[in-house]
Amino acid sequence: MIFLIPGVIFVTSCAKKPVKPAPSVVTPQAAKEAEAKRLAAEKARAAQKALEEQRIREERLRAEAKARREREEIARRERFVNEHIHFEFDKSRLLPEAKEILRRKAKWLKENPDVSVIIEGHCDERGTNEYNMALGDRRAHSAKSYLIDLGIAPERMKTISYGEERPFDPRHNEEAWAKNRRDQFVIQ
């Protein structure tokens, strides 16, 4: 045992002690380069984020513009359909107001070359059915002829007469009769 204790002391005292690594020395130049890389990466991320935000903003603006154009087109289409032309009693001659409406309709038809229309001629309840059917036909053809003169192809328009059969206003007075003497336009 005498030899054992000194041997253990000898062996343990000769064991290698762990060497601590030398602290890394960061030079000022290396620190500047690392900071520059970090800033460049941060700047690149910020630029990418800004581009993405710009893309999203532009996409939203395009979608809003498209929706606005669609709403405007729907409004123009509804105005085309809902704006009737009216006639004097027992006449098929176009009034100045009717010609103005037809000019707007011609403009819309030129902007929408794939659209065809049916021009419906209507009358008030006075007169015989046969007479009113013929008068409604003359009224529809008056509008069609004027639209042809404005450059709308005849094959894009059909005419039909309903005479007194489809009143706009069912009352039996002058105000209702004036509303019923009309041409209506139906998009096919």
# chains A, B, ... in the order shown; residues from 1 in each chain; ligands from 1

call {"tool": "residues_around", "arguments": {"residues": "range 156-169 of chain A", "least_positions_apart": "6", "cutoff": "10 Å", "atoms": "only C-alpha atoms", "output": "MDAnalysis selection string"}}
result
chainID A and resid 109 113:145 147:148 175:183 185:188

call {"tool": "atom_distance", "arguments": {"atom1": "CA of Glu97 in chain A", "atom2": "CA of Asn112 in chain A"}}
result
22.9 Å

call {"tool": "atom_distance", "arguments": {"atom1": "CA of Arg103 in chain A", "atom2": "CA of Pro170 in chain A"}}
result
29.1 Å

call {"tool": "closest_residue", "arguments": {"among": "A:Leu39, A:Ala46, A:Ile85, A:Ala67", "to": "Arg104 in chain A", "atoms": "only C-alpha atoms"}}
result
A:Ile85

call {"tool": "select_by_dssp", "arguments": {"residues": "range 45-131 of chain A", "states": "strand (DSSP E)", "output": "PyMOL selection string"}}
result
chain A and resi 85-86+117-122

call {"tool": "select_by_dssp", "arguments": {"residues": "range 58-134 of chain A", "states": "alpha helix (DSSP H)", "output": "number ranges by chain"}}
result
A: 58-82, 96-111, 129-134

call {"tool": "write_last_selection", "arguments": {"atoms": "N, CA and C atoms", "output": "CSV table (one decimal), in the first residue's frame"}}
result
chain,number,residue,atom,x,y,z
A,58,GLU,N,-50.8,47.0,-55.0
A,58,GLU,CA,-51.2,47.1,-56.4
A,58,GLU,C,-52.3,46.1,-56.8
A,59,GLU,N,-52.2,44.9,-56.2
A,59,GLU,CA,-53.2,43.9,-56.5
A,59,GLU,C,-54.5,44.3,-56.0
A,60,ARG,N,-54.6,44.9,-54.8
A,60,ARG,CA,-55.8,45.4,-54.2
A,60,ARG,C,-56.4,46.5,-55.0
A,61,LEU,N,-55.5,47.4,-55.5
A,61,LEU,CA,-56.0,48.5,-56.3
A,61,LEU,C,-56.5,48.0,-57.6
A,62,ARG,N,-55.9,47.0,-58.2
A,62,ARG,CA,-56.4,46.5,-59.5
A,62,ARG,C,-57.7,45.8,-59.3
A,63,ALA,N,-57.9,45.1,-58.1
A,63,ALA,CA,-59.1,44.4,-57.8
A,63,ALA,C,-60.2,45.5,-57.6
A,64,GLU,N,-59.9,46.5,-56.9
A,64,GLU,CA,-60.9,47.6,-56.7
A,64,GLU,C,-61.3,48.3,-58.0
A,65,ALA,N,-60.3,48.5,-58.8
A,65,ALA,CA,-60.6,49.2,-60.1
A,65,ALA,C,-61.5,48.2,-61.0
A,66,LYS,N,-61.2,46.9,-61.0
A,66,LYS,CA,-62.0,46.0,-61.7
A,66,LYS,C,-63.4,45.9,-61.2
A,67,ALA,N,-63.6,45.9,-59.9
A,67,ALA,CA,-64.9,45.9,-59.3
A,67,ALA,C,-65.7,47.2,-59.6
A,68,ARG,N,-65.0,48.3,-59.6
A,68,ARG,CA,-65.6,49.6,-60.0
A,68,ARG,C,-66.1,49.6,-61.4
A,69,ARG,N,-65.2,49.1,-62.3
A,69,ARG,CA,-65.6,49.0,-63.8
A,69,ARG,C,-66.8,48.1,-63.9
A,70,GLU,N,-66.8,46.9,-63.2
A,70,GLU,CA,-67.9,46.0,-63.3
A,70,GLU,C,-69.2,46.7,-62.8
A,71,ARG,N,-69.1,47.4,-61.7
A,71,ARG,CA,-70.3,48.1,-61.2
A,71,ARG,C,-70.8,49.1,-62.2
A,72,GLU,N,-69.8,49.9,-62.8
A,72,GLU,CA,-70.2,50.9,-63.8
A,72,GLU,C,-70.8,50.3,-65.0
A,73,GLU,N,-70.3,49.1,-65.4
A,73,GLU,CA,-70.9,48.4,-66.6
A,73,GLU,C,-72.3,47.9,-66.3
A,74,ILE,N,-72.5,47.4,-65.1
A,74,ILE,CA,-73.8,46.9,-64.7
A,74,ILE,C,-74.8,48.1,-64.7
A,75,ALA,N,-74.3,49.2,-64.2
A,75,ALA,CA,-75.2,50.4,-64.2
A,75,ALA,C,-75.5,50.9,-65.6
A,76,ARG,N,-74.5,50.9,-66.5
A,76,ARG,CA,-74.8,51.3,-67.9
A,76,ARG,C,-75.8,50.3,-68.5
A,77,ARG,N,-75.6,49.0,-68.3
A,77,ARG,CA,-76.5,48.0,-68.8
A,77,ARG,C,-77.9,48.2,-68.3
A,78,GLU,N,-78.0,48.4,-67.0
A,78,GLU,CA,-79.4,48.6,-66.5
A,78,GLU,C,-80.0,49.9,-67.0
A,79,ARG,N,-79.2,51.0,-67.2
A,79,ARG,CA,-79.7,52.2,-67.7
A,79,ARG,C,-80.2,52.0,-69.2
A,80,PHE,N,-79.4,51.2,-69.9
A,80,PHE,CA,-79.8,50.8,-71.3
A,80,PHE,C,-81.2,50.2,-71.3
A,81,VAL,N,-81.3,49.2,-70.5
A,81,VAL,CA,-82.6,48.4,-70.4
A,81,VAL,C,-83.8,49.2,-69.9
A,82,ASN,N,-83.5,50.0,-68.8
A,82,ASN,CA,-84.6,50.7,-68.1
A,82,ASN,C,-85.0,52.0,-68.7
A,96,PRO,N,-87.6,64.5,-79.9
A,96,PRO,CA,-86.2,64.8,-79.6
A,96,PRO,C,-85.7,64.1,-78.4
A,97,GLU,N,-86.5,64.0,-77.4
A,97,GLU,CA,-86.0,63.3,-76.2
A,97,GLU,C,-85.7,61.8,-76.5
A,98,ALA,N,-86.5,61.2,-77.3
A,98,ALA,CA,-86.3,59.8,-77.7
A,98,ALA,C,-85.1,59.7,-78.5
A,99,LYS,N,-84.8,60.6,-79.4
A,99,LYS,CA,-83.6,60.6,-80.2
A,99,LYS,C,-82.3,60.7,-79.3
A,100,GLU,N,-82.4,61.5,-78.3
A,100,GLU,CA,-81.3,61.6,-77.4
A,100,GLU,C,-81.0,60.3,-76.7
A,101,ILE,N,-82.1,59.7,-76.2
A,101,ILE,CA,-81.9,58.4,-75.5
A,101,ILE,C,-81.4,57.4,-76.5
A,102,LEU,N,-81.9,57.4,-77.8
A,102,LEU,CA,-81.4,56.4,-78.7
A,102,LEU,C,-79.9,56.6,-79.1
A,103,ARG,N,-79.4,57.9,-79.1
A,103,ARG,CA,-78.0,58.2,-79.3
A,103,ARG,C,-77.2,57.5,-78.1
A,104,ARG,N,-77.7,57.6,-76.9
A,104,ARG,CA,-77.0,57.0,-75.8
A,104,ARG,C,-77.0,55.5,-75.9
A,105,LYS,N,-78.1,54.9,-76.4
A,105,LYS,CA,-78.2,53.5,-76.6
A,105,LYS,C,-77.2,53.1,-77.7
A,106,ALA,N,-77.2,53.8,-78.8
A,106,ALA,CA,-76.2,53.5,-79.9
A,106,ALA,C,-74.8,53.5,-79.4
A,107,LYS,N,-74.5,54.5,-78.6
A,107,LYS,CA,-73.1,54.6,-78.0
A,107,LYS,C,-72.8,53.3,-77.2
A,108,TRP,N,-73.7,52.9,-76.4
A,108,TRP,CA,-73.5,51.7,-75.6
A,108,TRP,C,-73.4,50.5,-76.4
A,109,LEU,N,-74.3,50.4,-77.4
A,109,LEU,CA,-74.2,49.2,-78.3
A,109,LEU,C,-72.9,49.2,-79.1
A,110,LYS,N,-72.3,50.3,-79.5
A,110,LYS,CA,-71.0,50.3,-80.1
A,110,LYS,C,-69.9,49.9,-79.2
A,111,GLU,N,-70.1,50.2,-77.9
A,111,GLU,CA,-69.1,49.8,-76.9
A,111,GLU,C,-69.2,48.3,-76.6
A,129,ASN,N,-107.2,46.1,-80.7
A,129,ASN,CA,-106.0,45.3,-80.6
A,129,ASN,C,-105.2,45.3,-81.8
A,130,GLU,N,-105.9,45.1,-83.0
A,130,GLU,CA,-105.1,45.1,-84.3
A,130,GLU,C,-104.4,46.4,-84.6
A,131,TYR,N,-105.1,47.5,-84.3
A,131,TYR,CA,-104.5,48.8,-84.6
A,131,TYR,C,-103.3,49.0,-83.7
A,132,ASN,N,-103.4,48.7,-82.4
A,132,ASN,CA,-102.3,48.9,-81.5
A,132,ASN,C,-101.1,48.0,-81.8
A,133,MET,N,-101.4,46.8,-82.2
A,133,MET,CA,-100.3,45.9,-82.6
A,133,MET,C,-99.5,46.5,-83.8
A,134,ALA,N,-100.2,47.0,-84.8
A,134,ALA,CA,-99.6,47.7,-85.9
A,134,ALA,C,-98.8,48.9,-85.5

call {"tool": "atom_distance", "arguments": {"atom1": "CA of Phe87 in chain A", "atom2": "CA of Asn173 in chain A"}}
result
15.8 Å

call {"tool": "decode", "arguments": {"residues": "range 52-135 of chain A", "atoms": "C-alpha atoms", "output": "PDB file, in the first residue's frame"}}
result
ATOM      1  CA  GLU A  52     -44.384  42.288 -51.155  1.00  0.00           C
ATOM      2  CA  GLU A  53     -46.422  45.072 -49.539  1.00  0.00           C
ATOM      3  CA  GLN A  54     -46.291  47.051 -52.799  1.00  0.00           C
ATOM      4  CA  ARG A  55     -47.406  43.980 -54.776  1.00  0.00           C
ATOM      5  CA  ILE A  56     -50.312  43.430 -52.383  1.00  0.00           C
ATOM      6  CA  ARG A  57     -51.265  47.128 -52.560  1.00  0.00           C
ATOM      7  CA  GLU A  58     -51.184  47.101 -56.375  1.00  0.00           C
ATOM      8  CA  GLU A  59     -53.170  43.876 -56.496  1.00  0.00           C
ATOM      9  CA  ARG A  60     -55.802  45.378 -54.177  1.00  0.00           C
ATOM     10  CA  LEU A  61     -55.967  48.544 -56.315  1.00  0.00           C
ATOM     11  CA  ARG A  62     -56.383  46.454 -59.486  1.00  0.00           C
ATOM     12  CA  ALA A  63     -59.147  44.424 -57.838  1.00  0.00           C
ATOM     13  CA  GLU A  64     -60.894  47.604 -56.664  1.00  0.00           C
ATOM     14  CA  ALA A  65     -60.607  49.151 -60.134  1.00  0.00           C
ATOM     15  CA  LYS A  66     -61.976  45.982 -61.733  1.00  0.00           C
ATOM     16  CA  ALA A  67     -64.891  45.884 -59.293  1.00  0.00           C
ATOM     17  CA  ARG A  68     -65.601  49.578 -59.968  1.00  0.00           C
ATOM     18  CA  ARG A  69     -65.554  48.988 -63.752  1.00  0.00           C
ATOM     19  CA  GLU A  70     -67.903  46.022 -63.336  1.00  0.00           C
ATOM     20  CA  ARG A  71     -70.313  48.070 -61.203  1.00  0.00           C
ATOM     21  CA  GLU A  72     -70.216  50.884 -63.759  1.00  0.00           C
ATOM     22  CA  GLU A  73     -70.873  48.443 -66.603  1.00  0.00           C
ATOM     23  CA  ILE A  74     -73.797  46.919 -64.722  1.00  0.00           C
ATOM     24  CA  ALA A  75     -75.199  50.415 -64.150  1.00  0.00           C
ATOM     25  CA  ARG A  76     -74.804  51.289 -67.865  1.00  0.00           C
ATOM     26  CA  ARG A  77     -76.461  48.003 -68.843  1.00  0.00           C
ATOM     27  CA  GLU A  78     -79.360  48.647 -66.460  1.00  0.00           C
ATOM     28  CA  ARG A  79     -79.715  52.205 -67.747  1.00  0.00           C
ATOM     29  CA  PHE A  80     -79.804  50.836 -71.315  1.00  0.00           C
ATOM     30  CA  VAL A  81     -82.597  48.425 -70.430  1.00  0.00           C
ATOM     31  CA  ASN A  82     -84.570  50.687 -68.102  1.00  0.00           C
ATOM     32  CA  GLU A  83     -84.534  53.863 -70.176  1.00  0.00           C
ATOM     33  CA  HIS A  84     -87.597  53.750 -72.431  1.00  0.00           C
ATOM     34  CA  ILE A  85     -88.484  56.052 -75.270  1.00  0.00           C
ATOM     35  CA  HIS A  86     -91.978  57.502 -75.369  1.00  0.00           C
ATOM     36  CA  PHE A  87     -94.347  58.564 -78.116  1.00  0.00           C
ATOM     37  CA  GLU A  88     -97.202  60.950 -78.616  1.00  0.00           C
ATOM     38  CA  PHE A  89    -100.735  59.603 -78.820  1.00  0.00           C
ATOM     39  CA  ASP A  90    -101.330  57.619 -82.016  1.00  0.00           C
ATOM     40  CA  LYS A  91     -97.821  58.456 -83.363  1.00  0.00           C
ATOM     41  CA  SER A  92     -94.669  56.527 -84.148  1.00  0.00           C
ATOM     42  CA  ARG A  93     -92.535  59.616 -84.829  1.00  0.00           C
ATOM     43  CA  LEU A  94     -89.470  59.908 -82.583  1.00  0.00           C
ATOM     44  CA  LEU A  95     -89.490  62.907 -80.264  1.00  0.00           C
ATOM     45  CA  PRO A  96     -86.240  64.845 -79.637  1.00  0.00           C
ATOM     46  CA  GLU A  97     -85.971  63.280 -76.160  1.00  0.00           C
ATOM     47  CA  ALA A  98     -86.334  59.827 -77.710  1.00  0.00           C
ATOM     48  CA  LYS A  99     -83.570  60.572 -80.220  1.00  0.00           C
ATOM     49  CA  GLU A 100     -81.253  61.630 -77.397  1.00  0.00           C
ATOM     50  CA  ILE A 101     -81.950  58.385 -75.547  1.00  0.00           C
ATOM     51  CA  LEU A 102     -81.369  56.408 -78.744  1.00  0.00           C
ATOM     52  CA  ARG A 103     -78.006  58.163 -79.268  1.00  0.00           C
ATOM     53  CA  ARG A 104     -76.954  56.993 -75.788  1.00  0.00           C
ATOM     54  CA  LYS A 105     -78.176  53.501 -76.571  1.00  0.00           C
ATOM     55  CA  ALA A 106     -76.249  53.498 -79.871  1.00  0.00           C
ATOM     56  CA  LYS A 107     -73.088  54.560 -78.048  1.00  0.00           C
ATOM     57  CA  TRP A 108     -73.515  51.721 -75.555  1.00  0.00           C
ATOM     58  CA  LEU A 109     -74.212  49.225 -78.341  1.00  0.00           C
ATOM     59  CA  LYS A 110     -71.035  50.323 -80.140  1.00  0.00           C
ATOM     60  CA  GLU A 111     -69.068  49.792 -76.920  1.00  0.00           C
ATOM     61  CA  ASN A 112     -70.623  46.318 -76.597  1.00  0.00           C
ATOM     62  CA  PRO A 113     -70.491  44.853 -80.111  1.00  0.00           C
ATOM     63  CA  ASP A 114     -71.468  41.339 -78.998  1.00  0.00           C
ATOM     64  CA  VAL A 115     -74.833  42.497 -77.645  1.00  0.00           C
ATOM     65  CA  SER A 116     -78.068  42.117 -79.584  1.00  0.00           C
ATOM     66  CA  VAL A 117     -81.374  43.665 -78.566  1.00  0.00           C
ATOM     67  CA  ILE A 118     -85.084  43.229 -78.979  1.00  0.00           C
ATOM     68  CA  ILE A 119     -86.983  46.484 -79.416  1.00  0.00           C
ATOM     69  CA  GLU A 120     -90.484  46.112 -78.018  1.00  0.00           C
ATOM     70  CA  GLY A 121     -93.190  48.477 -79.261  1.00  0.00           C
ATOM     71  CA  HIS A 122     -96.026  49.243 -76.824  1.00  0.00           C
ATOM     72  CA  CYS A 123     -99.244  51.265 -76.904  1.00  0.00           C
ATOM     73  CA  ASP A 124    -101.822  52.534 -74.466  1.00  0.00           C
ATOM     74  CA  GLU A 125    -105.181  50.804 -74.185  1.00  0.00           C
ATOM     75  CA  ARG A 126    -107.072  53.114 -76.523  1.00  0.00           C
ATOM     76  CA  GLY A 127    -107.732  51.682 -79.978  1.00  0.00           C
ATOM     77  CA  THR A 128    -108.391  48.168 -81.201  1.00  0.00           C
ATOM     78  CA  ASN A 129    -105.988  45.323 -80.561  1.00  0.00           C
ATOM     79  CA  GLU A 130    -105.145  45.062 -84.261  1.00  0.00           C
ATOM     80  CA  TYR A 131    -104.524  48.782 -84.604  1.00  0.00           C
ATOM     81  CA  ASN A 132    -102.340  48.879 -81.482  1.00  0.00           C
ATOM     82  CA  MET A 133    -100.309  45.870 -82.629  1.00  0.00           C
ATOM     83  CA  ALA A 134     -99.572  47.676 -85.912  1.00  0.00           C
ATOM     84  CA  LEU A 135     -98.789  50.952 -84.101  1.00  0.00           C
TER      85      LEU A 135
END
